[in-house]
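Have a look at run_14.cif below; it lists mmCIF, C-alpha atoms.
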data_protein
#
loop_
_atom_site.label_atom_id
_atom_site.label_comp_id
_atom_site.auth_asym_id
_atom_site.auth_seq_id
_atom_site.Cartn_x
_atom_site.Cartn_y
_atom_site.Cartn_z
CA MET Z 268 -3.65 0.74 -17.81
CA PRO Z 269 -2.29 3.10 -20.52
CA LEU Z 270 1.48 3.41 -20.42
CA LEU Z 271 2.36 7.01 -21.30
CA GLN Z 272 6.15 6.74 -20.93
CA SER Z 273 8.51 4.00 -19.77
CA ILE Z 274 12.20 3.23 -19.74
CA VAL Z 275 14.56 0.67 -18.21
CA HIS Z 276 18.07 1.54 -16.96
CA ARG Z 277 20.65 -0.81 -15.48
CA LEU Z 278 22.43 -0.53 -12.12
CA ASP Z 279 25.59 -2.58 -11.53
CA PRO Z 280 28.52 -2.58 -9.08
CA SER Z 281 31.62 -0.84 -10.44
CA LEU Z 282 34.65 -2.94 -11.36
CA ASP Z 283 36.29 -2.12 -8.04
CA GLY Z 284 33.08 -3.16 -6.23
CA GLU Z 285 32.85 0.11 -4.30
CA ARG Z 286 29.81 1.81 -5.83
CA LEU Z 287 26.87 1.39 -8.15
CA THR Z 288 27.18 2.53 -11.74
CA LEU Z 289 24.42 3.40 -14.18
CA THR Z 290 24.03 2.11 -17.72
CA ALA Z 291 21.36 4.36 -19.18
CA ALA Z 292 18.87 3.04 -21.73
CA PRO Z 293 19.52 4.30 -25.27
CA SER Z 294 15.87 5.24 -25.74
CA LEU Z 295 12.37 5.08 -24.31
CA ALA Z 296 10.28 1.96 -24.69
CA GLN Z 297 7.44 2.11 -27.19
CA SER Z 298 4.28 3.23 -25.42
CA ASP Z 299 2.25 0.52 -27.17
CA ASP Z 300 4.75 -2.28 -26.51
CA PRO Z 301 2.58 -5.14 -25.13
CA ALA Z 302 5.53 -6.80 -23.35
CA MET Z 303 6.46 -3.59 -21.51
CA THR Z 304 2.81 -2.91 -20.65
CA SER Z 305 2.48 -6.43 -19.25
CA LEU Z 306 5.69 -6.02 -17.23
CA VAL Z 307 4.60 -2.70 -15.71
CA ASN Z 308 1.14 -4.07 -14.88
CA THR Z 309 2.65 -7.14 -13.21
CA LEU Z 310 5.10 -5.09 -11.16
CA ASN Z 311 2.35 -2.65 -10.21
CA ASP Z 312 0.16 -5.52 -8.99
CA THR Z 313 3.07 -6.94 -6.98
CA TYR Z 314 3.71 -3.52 -5.46
CA ASN Z 315 0.08 -3.19 -4.36
CA THR Z 316 0.37 -6.32 -2.20
CA LYS Z 317 3.52 -5.22 -0.33
CA ALA Z 318 3.88 -3.32 2.95
CA LYS Z 319 4.47 0.35 2.24
CA GLY Z 320 5.34 3.64 3.86
CA TRP Z 321 3.29 6.71 2.90
CA GLY Z 322 3.91 10.43 2.90
CA ARG Z 323 4.32 13.56 0.80
CA PHE Z 324 7.13 15.66 -0.62
CA ALA Z 325 9.05 17.76 1.87
CA GLU Z 326 8.98 21.33 0.55
CA GLU Z 327 11.96 22.46 2.63
CA GLY Z 328 14.44 21.33 5.27
CA GLU Z 329 16.86 18.42 5.34
CA GLN Z 330 14.34 15.94 3.95
CA ALA Z 331 13.64 17.95 0.78
CA GLY Z 332 15.33 16.69 -2.38
CA PRO Z 333 15.60 17.57 -6.07
CA LEU Z 334 12.88 15.16 -7.28
CA LEU Z 335 10.16 17.70 -6.55
CA ALA Z 336 11.77 20.25 -8.90
CA TRP Z 337 12.47 17.58 -11.53
CA LEU Z 338 8.84 16.51 -11.54
CA ARG Z 339 7.63 20.08 -11.83
CA ASP Z 340 9.87 20.57 -14.87
CA TYR Z 341 8.71 17.28 -16.39
CA MET Z 342 5.00 17.96 -15.90
CA ALA Z 343 5.48 21.47 -17.31
CA GLY Z 344 7.23 20.07 -20.39
CA ALA Z 345 10.60 21.63 -19.55
CA GLN Z 346 12.23 18.20 -19.19
CA ASP Z 347 11.48 14.97 -21.07
CA PHE Z 348 11.01 11.54 -19.52
CA THR Z 349 14.45 10.33 -20.53
CA GLN Z 350 16.08 13.24 -18.69
CA LEU Z 351 13.86 12.74 -15.65
CA SER Z 352 14.49 9.00 -15.47
CA THR Z 353 18.25 9.36 -15.89
CA ALA Z 354 18.42 11.96 -13.13
CA ILE Z 355 16.42 9.69 -10.82
CA ALA Z 356 18.60 6.66 -11.63
CA GLU Z 357 21.84 8.60 -11.02
CA ARG Z 358 20.53 9.94 -7.73
CA LEU Z 359 19.39 6.49 -6.59
CA ALA Z 360 22.78 5.00 -7.47
CA ARG Z 361 24.42 7.59 -5.20
CA GLU Z 362 21.95 7.06 -2.36
CA LEU Z 363 22.50 3.29 -2.49
CA GLN Z 364 26.19 3.23 -3.41
CA GLU Z 365 27.00 0.94 -0.48
CA GLN Z 366 24.09 -1.43 -1.17
CA LEU Z 367 25.68 -3.28 -4.07
CA SER Z 368 23.22 -6.15 -3.84
CA VAL Z 369 20.48 -3.94 -5.27
CA SER Z 370 21.97 -4.13 -8.78
CA GLY Z 371 19.41 -4.88 -11.44
CA TYR Z 372 17.08 -3.22 -13.92
CA LEU Z 373 15.54 0.08 -12.84
CA LEU Z 374 12.17 0.53 -14.47
CA LEU Z 375 10.45 3.91 -14.49
CA ALA Z 376 6.97 4.41 -15.91
CA HIS Z 377 4.45 7.23 -16.28
CA ILE Z 378 1.05 5.56 -16.06
CA ARG Z 379 -2.52 6.73 -16.51
CA GLN Z 380 -5.32 4.76 -14.87
CA GLY Z 381 -8.73 6.38 -15.26
CA ASP Z 382 -8.32 10.01 -14.24
CA THR Z 383 -5.19 9.32 -12.21
CA GLU Z 384 -1.58 9.60 -13.39
CA THR Z 385 1.29 8.06 -11.43
CA LEU Z 386 5.05 7.75 -11.60
CA PHE Z 387 6.18 4.22 -10.82
CA ILE Z 388 9.78 3.28 -9.96
CA ALA Z 389 10.88 -0.32 -9.41
CA LEU Z 390 14.18 -2.17 -9.28
CA VAL Z 391 13.78 -5.62 -10.83
CA HIS Z 392 16.26 -8.45 -10.36
CA GLN Z 393 17.07 -11.04 -12.98
CA ARG Z 394 17.25 -14.73 -12.22
CA GLU Z 395 18.35 -17.74 -14.21
CA GLY Z 396 15.62 -20.03 -15.46
CA ILE Z 397 15.08 -22.75 -18.03
CA GLY Z 398 13.55 -22.34 -21.46
CA ILE Z 399 13.01 -24.41 -24.59
CA ASN Z 400 14.78 -23.46 -27.82
CA GLN Z 401 13.65 -23.95 -31.42
CA ALA Z 402 15.18 -27.43 -31.40
CA HIS Z 403 12.92 -28.30 -28.44
CA GLN Z 404 15.92 -28.57 -26.14
CA ALA Z 405 16.07 -27.21 -22.58
CA VAL Z 406 18.40 -24.19 -22.40
CA PRO Z 407 19.31 -21.57 -19.79
CA ALA Z 408 16.98 -18.58 -20.03
CA ALA Z 409 17.29 -15.39 -17.98
CA GLN Z 410 14.02 -14.00 -16.66
CA LEU Z 411 12.90 -11.10 -14.49
CA ASN Z 412 11.79 -11.86 -10.95
CA THR Z 413 8.59 -9.80 -10.86
CA SER Z 414 7.25 -11.24 -7.60
CA GLN Z 415 10.15 -10.31 -5.30
CA LEU Z 416 10.31 -6.51 -5.33
CA THR Z 417 12.59 -5.05 -2.66
CA LEU Z 418 12.91 -1.48 -3.92
CA ALA Z 419 10.03 0.45 -5.45
CA ALA Z 420 8.01 3.64 -5.08
CA ARG Z 421 4.99 5.35 -6.57
CA VAL Z 422 3.97 9.00 -6.80
CA ASN Z 423 0.33 9.87 -7.43
CA LEU Z 424 1.02 12.80 -9.77
CA THR Z 425 -2.64 13.79 -9.99
CA GLN Z 426 -3.08 14.00 -6.24
CA TRP Z 427 0.23 15.81 -5.83
CA GLN Z 428 -0.74 18.46 -8.37
CA SER Z 429 -4.16 18.93 -6.77
CA GLU Z 430 -2.37 20.14 -3.61
CA SER Z 431 -4.95 18.45 -1.40
CA PRO Z 432 -4.14 19.25 2.27
CA GLY Z 433 -2.75 16.26 4.13
CA ALA Z 434 -2.85 13.98 1.09
CA GLN Z 435 -0.39 11.08 1.24
CA TYR Z 436 0.51 10.84 -2.45
CA VAL Z 437 3.95 9.19 -2.20
CA SER Z 438 4.45 5.56 -1.22
CA PHE Z 439 7.47 3.24 -1.09
CA LEU Z 440 8.21 -0.36 -0.19
CA LYS Z 441 8.89 -0.79 3.50
CA ASP Z 442 10.11 -4.34 3.89
CA ARG Z 443 11.27 -5.29 7.39
CA GLY Z 444 14.56 -6.63 6.10
CA GLY Z 445 15.25 -3.73 3.76
CA LYS Z 446 15.60 -0.75 6.09
CA LYS Z 447 18.66 0.67 4.29
CA LEU Z 448 16.95 0.34 0.92
CA ALA Z 449 13.85 2.12 2.23
CA GLU Z 450 15.99 4.91 3.66
CA GLY Z 451 17.73 5.32 0.30
CA MET Z 452 14.38 5.53 -1.49
CA VAL Z 453 13.02 8.08 1.00
CA ALA Z 454 16.14 10.20 0.43
CA LEU Z 455 15.65 9.96 -3.33
CA LEU Z 456 11.99 10.93 -3.07
CA GLY Z 457 12.73 13.83 -0.72
CA MET Z 458 9.63 12.99 1.28
CA GLU Z 459 8.41 13.23 4.83
CA GLU Z 460 6.75 10.04 5.99
CA GLY Z 461 3.27 10.45 7.37
CA ILE Z 462 0.63 7.77 7.78
CA ASP Z 463 1.46 4.48 9.49
CA ALA Z 464 -0.74 2.20 7.35
CA PRO Z 465 -0.88 -0.80 9.76
CA ALA Z 466 -1.68 1.42 12.77
CA GLU Z 467 -4.27 3.44 10.86
CA THR Z 468 -5.91 0.27 9.52
CA ARG Z 469 -6.05 -1.22 13.03
CA THR Z 470 -7.63 1.98 14.37
CA LEU Z 471 -10.20 1.98 11.57
CA LEU Z 472 -11.15 -1.62 12.34
CA LYS Z 473 -11.45 -0.73 16.04
CA ALA Z 474 -13.71 2.21 15.12
CA PHE Z 475 -15.81 -0.12 12.99
CA SER Z 476 -16.12 -2.68 15.83
CA ASP Z 477 -17.22 0.08 18.20
CA TYR Z 478 -19.75 1.32 15.65
CA VAL Z 479 -21.26 -2.15 15.14
CA GLU Z 480 -21.49 -2.59 18.91
CA LYS Z 481 -23.03 0.84 19.46
CA GLU Z 482 -25.68 0.35 16.78
CA ASP Z 483 -26.42 -3.18 18.07
CA PHE Z 484 -26.85 -4.73 14.61
CA ASP Z 485 -27.96 -8.34 14.44
CA ASP Z 486 -25.48 -11.03 13.34
CA GLU Z 487 -26.45 -11.05 9.68
CA VAL Z 488 -26.26 -7.26 9.30
CA SER Z 489 -22.95 -7.19 11.17
CA ARG Z 490 -21.47 -9.78 8.81
CA GLU Z 491 -22.74 -7.88 5.77
CA LYS Z 492 -21.18 -4.63 6.94
CA THR Z 493 -17.93 -6.38 7.82
CA ASP Z 494 -17.82 -7.93 4.36
CA THR Z 495 -18.51 -4.53 2.80
CA LEU Z 496 -15.61 -2.94 4.67
CA VAL Z 497 -13.16 -5.74 3.86
CA ASP Z 498 -14.23 -5.90 0.19
CA TYR Z 499 -13.78 -2.13 -0.19
CA ALA Z 500 -10.39 -2.20 1.54
CA ASN Z 501 -9.17 -5.10 -0.62
CA GLU Z 502 -10.37 -3.38 -3.80
CA GLN Z 503 -8.47 -0.21 -2.85
CA LEU Z 504 -5.47 -2.39 -2.02
CA ARG Z 505 -5.66 -4.01 -5.45
CA ARG Z 506 -5.84 -0.60 -7.12
CA GLY Z 507 -3.04 0.80 -4.95
CA GLU Z 508 -5.23 3.60 -3.63
CA PRO Z 509 -6.12 4.67 -0.06
CA MET Z 510 -9.48 4.13 1.60
CA THR Z 511 -11.58 7.29 1.93
CA LEU Z 512 -13.57 7.51 5.15
CA GLU Z 513 -16.55 9.29 3.59
CA GLU Z 514 -16.75 6.80 0.72
CA LEU Z 515 -16.44 3.85 3.12
CA SER Z 516 -19.15 5.30 5.36
CA GLY Z 517 -21.56 5.46 2.44
CA LEU Z 518 -20.87 1.83 1.56
CA VAL Z 519 -21.20 0.56 5.15
CA ASP Z 520 -24.65 2.11 5.55
CA GLU Z 521 -26.40 3.22 2.37
CA GLN Z 522 -29.48 4.35 4.33
CA GLN Z 523 -27.38 6.58 6.59
CA PRO Z 524 -24.24 7.28 4.53
CA LYS Z 525 -22.79 9.69 7.08
CA ALA Z 526 -23.43 7.58 10.18
CA PHE Z 527 -20.11 5.70 10.33
CA TYR Z 528 -18.17 8.82 9.32
CA ASP Z 529 -19.86 10.84 12.09
CA HIS Z 530 -19.14 8.07 14.58
CA ILE Z 531 -15.42 8.24 13.72
CA ARG Z 532 -15.31 12.02 13.99
CA ASN Z 533 -17.43 12.29 17.16
CA ALA Z 534 -15.38 9.64 18.98
CA ASP Z 535 -12.14 11.35 17.88
CA TYR Z 536 -10.16 8.28 16.79
CA GLY Z 537 -7.61 10.59 15.18
CA LEU Z 538 -7.94 8.92 11.78
CA SER Z 539 -6.81 10.62 8.59
CA PRO Z 540 -9.49 11.27 5.91
CA GLU Z 541 -7.64 8.83 3.64
CA ILE Z 542 -6.07 5.61 4.94
CA PRO Z 543 -3.78 3.30 2.96
CA PRO Z 544 -5.07 -0.24 3.62
CA ASP Z 545 -2.62 -2.67 5.18
CA LYS Z 546 -2.99 -6.16 3.73
CA ARG Z 547 -1.64 -8.07 6.74
CA THR Z 548 -3.95 -6.29 9.18
CA LEU Z 549 -6.97 -6.82 6.95
CA SER Z 550 -6.24 -10.52 6.49
CA GLN Z 551 -6.54 -10.99 10.26
CA PHE Z 552 -9.90 -9.23 10.49
CA ARG Z 553 -13.17 -11.17 10.43
CA ARG Z 554 -16.10 -11.74 12.75
CA PHE Z 555 -16.75 -14.83 14.83
CA THR Z 556 -20.45 -15.53 15.27
CA GLY Z 557 -22.49 -18.28 16.88
CA ARG Z 558 -26.00 -18.93 18.17
CA ALA Z 559 -27.26 -21.85 20.28
CA GLY Z 560 -29.66 -22.44 23.16
CA GLY Z 561 -30.85 -18.85 23.35
CA VAL Z 562 -27.29 -17.46 23.35
CA SER Z 563 -26.03 -15.31 20.46
CA ILE Z 564 -22.38 -14.21 20.33
CA SER Z 565 -20.63 -12.10 17.71
CA PHE Z 566 -17.24 -10.39 17.91
CA ASP Z 567 -14.34 -9.29 15.72
CA SER Z 568 -11.43 -11.70 15.51
CA HIS Z 569 -8.82 -9.14 16.55
CA LEU Z 570 -10.43 -9.04 20.02
CA LEU Z 571 -9.55 -12.69 20.59
CA GLY Z 572 -6.57 -12.84 22.93
CA SER Z 573 -7.13 -9.36 24.35
CA SER Z 574 -10.60 -8.52 25.66
CA ILE Z 575 -11.90 -11.98 24.79
CA GLU Z 576 -10.23 -15.34 25.53
CA TYR Z 577 -11.15 -18.86 24.54
CA ASP Z 578 -10.24 -21.73 26.90
CA ALA Z 579 -10.25 -24.74 24.59
CA THR Z 580 -9.63 -27.25 27.41
CA GLN Z 581 -12.87 -26.30 29.18
CA ASP Z 582 -14.67 -24.93 26.11
CA ARG Z 583 -15.21 -21.56 27.75
CA LEU Z 584 -15.33 -18.08 26.23
CA ILE Z 585 -14.14 -15.42 28.67
CA ILE Z 586 -15.24 -11.81 28.05
CA LYS Z 587 -13.00 -9.41 29.96
CA GLN Z 588 -14.69 -6.20 28.88
CA VAL Z 589 -18.47 -6.52 28.91
CA PRO Z 590 -20.16 -4.14 26.43
CA LYS Z 591 -21.67 -1.13 28.18
CA GLN Z 592 -25.19 -1.79 26.92
CA LEU Z 593 -25.10 -5.39 28.13
CA ARG Z 594 -23.55 -4.38 31.45
CA GLU Z 595 -26.36 -1.91 32.09
CA GLN Z 596 -28.97 -4.58 31.39
CA LEU Z 597 -27.28 -7.02 33.75
CA THR Z 598 -27.01 -4.37 36.45
CA LYS Z 599 -30.70 -3.47 36.20
CA LYS Z 600 -31.62 -7.14 36.50
CA ASP Z 601 -30.02 -7.23 39.95
#

Can the structure from this file be put into structure tokens for me?
Amino acid sequence: MPLLQSIVHRLDPSLDGERLTLTAAPSLAQSDDPAMTSLVNTLNDTYNTKAKGWGRFAEEGEQAGPLLAWLRDYMAGAQDFTQLSTAIAERLARELQEQLSVSGYLLLAHIRQGDTETLFIALVHQREGIGINQAHQAVPAAQLNTSQLTLAARVNLTQWQSESPGAQYVSFLKDRGGKKLAEGMVALLGMEEGIDAPAETRTLLKAFSDYVEKEDFDDEVSREKTDTLVDYANEQLRRGEPMTLEELSGLVDEQQPKAFYDHIRNADYGLSPEIPPDKRTLSQFRRFTGRAGGVSISFDSHLLGSSIEYDATQDRLIIKQVPKQLREQLTKKD
């Protein structure tokens, strides 16, 4: 992941403990610094695994902020990265002036990955650890806590500049216990939140379950298609990119690459063309299958507890909503 520009500022409570103050970095980090590259990559990987909110810049109204103009100037070469990063850090310090616990190192990086450029912002806390000195003695050693991000955001600069309608090119950490921090970051970004990643991911999985049921695939094919969906979603999650419905459709059924996409559109699930994968929702999704004595059963795990129940005491599986195709067969039998 080439690091085009990066810098680290410091946020600390003022002496009177009433606001955050900024200590700006004296200069940019070297673009080929292996330690900085490793740090940014590690933080980026941590960010990809966290729950996030998604949206786009607000062009006008109360939600709009100065970051949009700053980025335009930066991308046009009218402002350098040091100026951009300092302006962002000062603005964030004002937005979070009452959240003194967020003090730490504010890292900002302009990254290129393939054809995509992003702006990454992350506040990193320092913790005390133990190291070994040249005399082979244990000594206190401060280290960055790269696995516990509480404040971070990313802007897909390439997607933003392409002006793709409805694109959700801004994301930010949305931890349940950090509502105030998330609000401060949204204010800094000047964005309007759009896609609800957990809800959209759940709807996509529901659409997939309906598709598998409608096409009446056998157990092995159903498992293969489920694995394909989950593998694709996890890969996009690792890369920090949204799932694309058309791309997913082609992977789910290579013989009929538009079949799943058409199913989603024809059934009107209301899904966006691009969906940020939600890790927690995906981790709960898999298929239960079993075959014995002429009976074959296969269903998605998220149905257990809703339309399907398992009574362990009597070893019974209760299906509350019989699939339409099966119901019609049973009705005809009577």

Could you spell out the hits of the PyMOL selection byres ((chain Z and resi 537-539) around 12) on the shown file, as a JSON list (two decimals) with C-alpha atoms, keeping the file's coordinate frame?
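Okay, this is what ended up in result_22.json:
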[["chain", "number", "residue", "atom", "x", "y", "z"],
["Z", 432, "PRO", "CA", -4.14, 19.25, 2.27],
["Z", 433, "GLY", "CA", -2.75, 16.26, 4.13],
["Z", 434, "ALA", "CA", -2.85, 13.98, 1.09],
["Z", 435, "GLN", "CA", -0.39, 11.08, 1.24],
["Z", 461, "GLY", "CA", 3.27, 10.45, 7.37],
["Z", 462, "ILE", "CA", 0.63, 7.77, 7.78],
["Z", 463, "ASP", "CA", 1.46, 4.48, 9.49],
["Z", 464, "ALA", "CA", -0.74, 2.20, 7.35],
["Z", 466, "ALA", "CA", -1.68, 1.42, 12.77],
["Z", 467, "GLU", "CA", -4.27, 3.44, 10.86],
["Z", 468, "THR", "CA", -5.91, 0.27, 9.52],
["Z", 469, "ARG", "CA", -6.05, -1.22, 13.03],
["Z", 470, "THR", "CA", -7.63, 1.98, 14.37],
["Z", 471, "LEU", "CA", -10.20, 1.98, 11.57],
["Z", 472, "LEU", "CA", -11.15, -1.62, 12.34],
["Z", 473, "LYS", "CA", -11.45, -0.73, 16.04],
["Z", 474, "ALA", "CA", -13.71, 2.21, 15.12],
["Z", 509, "PRO", "CA", -6.12, 4.67, -0.06],
["Z", 510, "MET", "CA", -9.48, 4.13, 1.60],
["Z", 511, "THR", "CA", -11.58, 7.29, 1.93],
["Z", 512, "LEU", "CA", -13.57, 7.51, 5.15],
["Z", 513, "GLU", "CA", -16.55, 9.29, 3.59],
["Z", 528, "TYR", "CA", -18.17, 8.82, 9.32],
["Z", 530, "HIS", "CA", -19.14, 8.07, 14.58],
["Z", 531, "ILE", "CA", -15.42, 8.24, 13.72],
["Z", 532, "ARG", "CA", -15.31, 12.02, 13.99],
["Z", 533, "ASN", "CA", -17.43, 12.29, 17.16],
["Z", 534, "ALA", "CA", -15.38, 9.64, 18.98],
["Z", 535, "ASP", "CA", -12.14, 11.35, 17.88],
["Z", 536, "TYR", "CA", -10.16, 8.28, 16.79],
["Z", 540, "PRO", "CA", -9.49, 11.27, 5.91],
["Z", 541, "GLU", "CA", -7.64, 8.83, 3.64],
["Z", 542, "ILE", "CA", -6.07, 5.61, 4.94],
["Z", 543, "PRO", "CA", -3.78, 3.30, 2.96]]

Would you please work out which residue, of Z:Leu424, Z:Ala291, Z:Leu390, Z:Lys546, is nearest to Tyr341 in chain Z when using only C-alpha atoms?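 The closest residue to Tyr341 in chain Z is Z:Leu424.
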
Evaluate the PyMOL selection byres ((chain Z and resi 422) around 9) here and jot the selected residues down as JSON, numbers by chain. {"Z": [323, 384, 385, 386, 387, 388, 420, 421, 423, 424, 425, 426, 427, 436, 437, 438, 439]}

Pull out every residue that the PyMOL selection byres ((chain Z and resi 357) around 10) matches in the shown coordinates and put them as JSON, numbers by chain. {"Z": [276, 278, 287, 288, 289, 290, 291, 352, 353, 354, 355, 356, 358, 359, 360, 361, 362, 455]}

Length of the CA of Leu496 in chain Z to CA of Ser516 in chain Z vector [Å]: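 A separation of 9.0 Å between them.
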
Top pick for closest residue to Asp477 in chain Z, considering Z:Leu549, Z:Ser273, Z:Phe566, Z:Leu282 and counting all atoms listed in the file: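 Among the listed residues, Z:Phe566 lies closest to Asp477 in chain Z.
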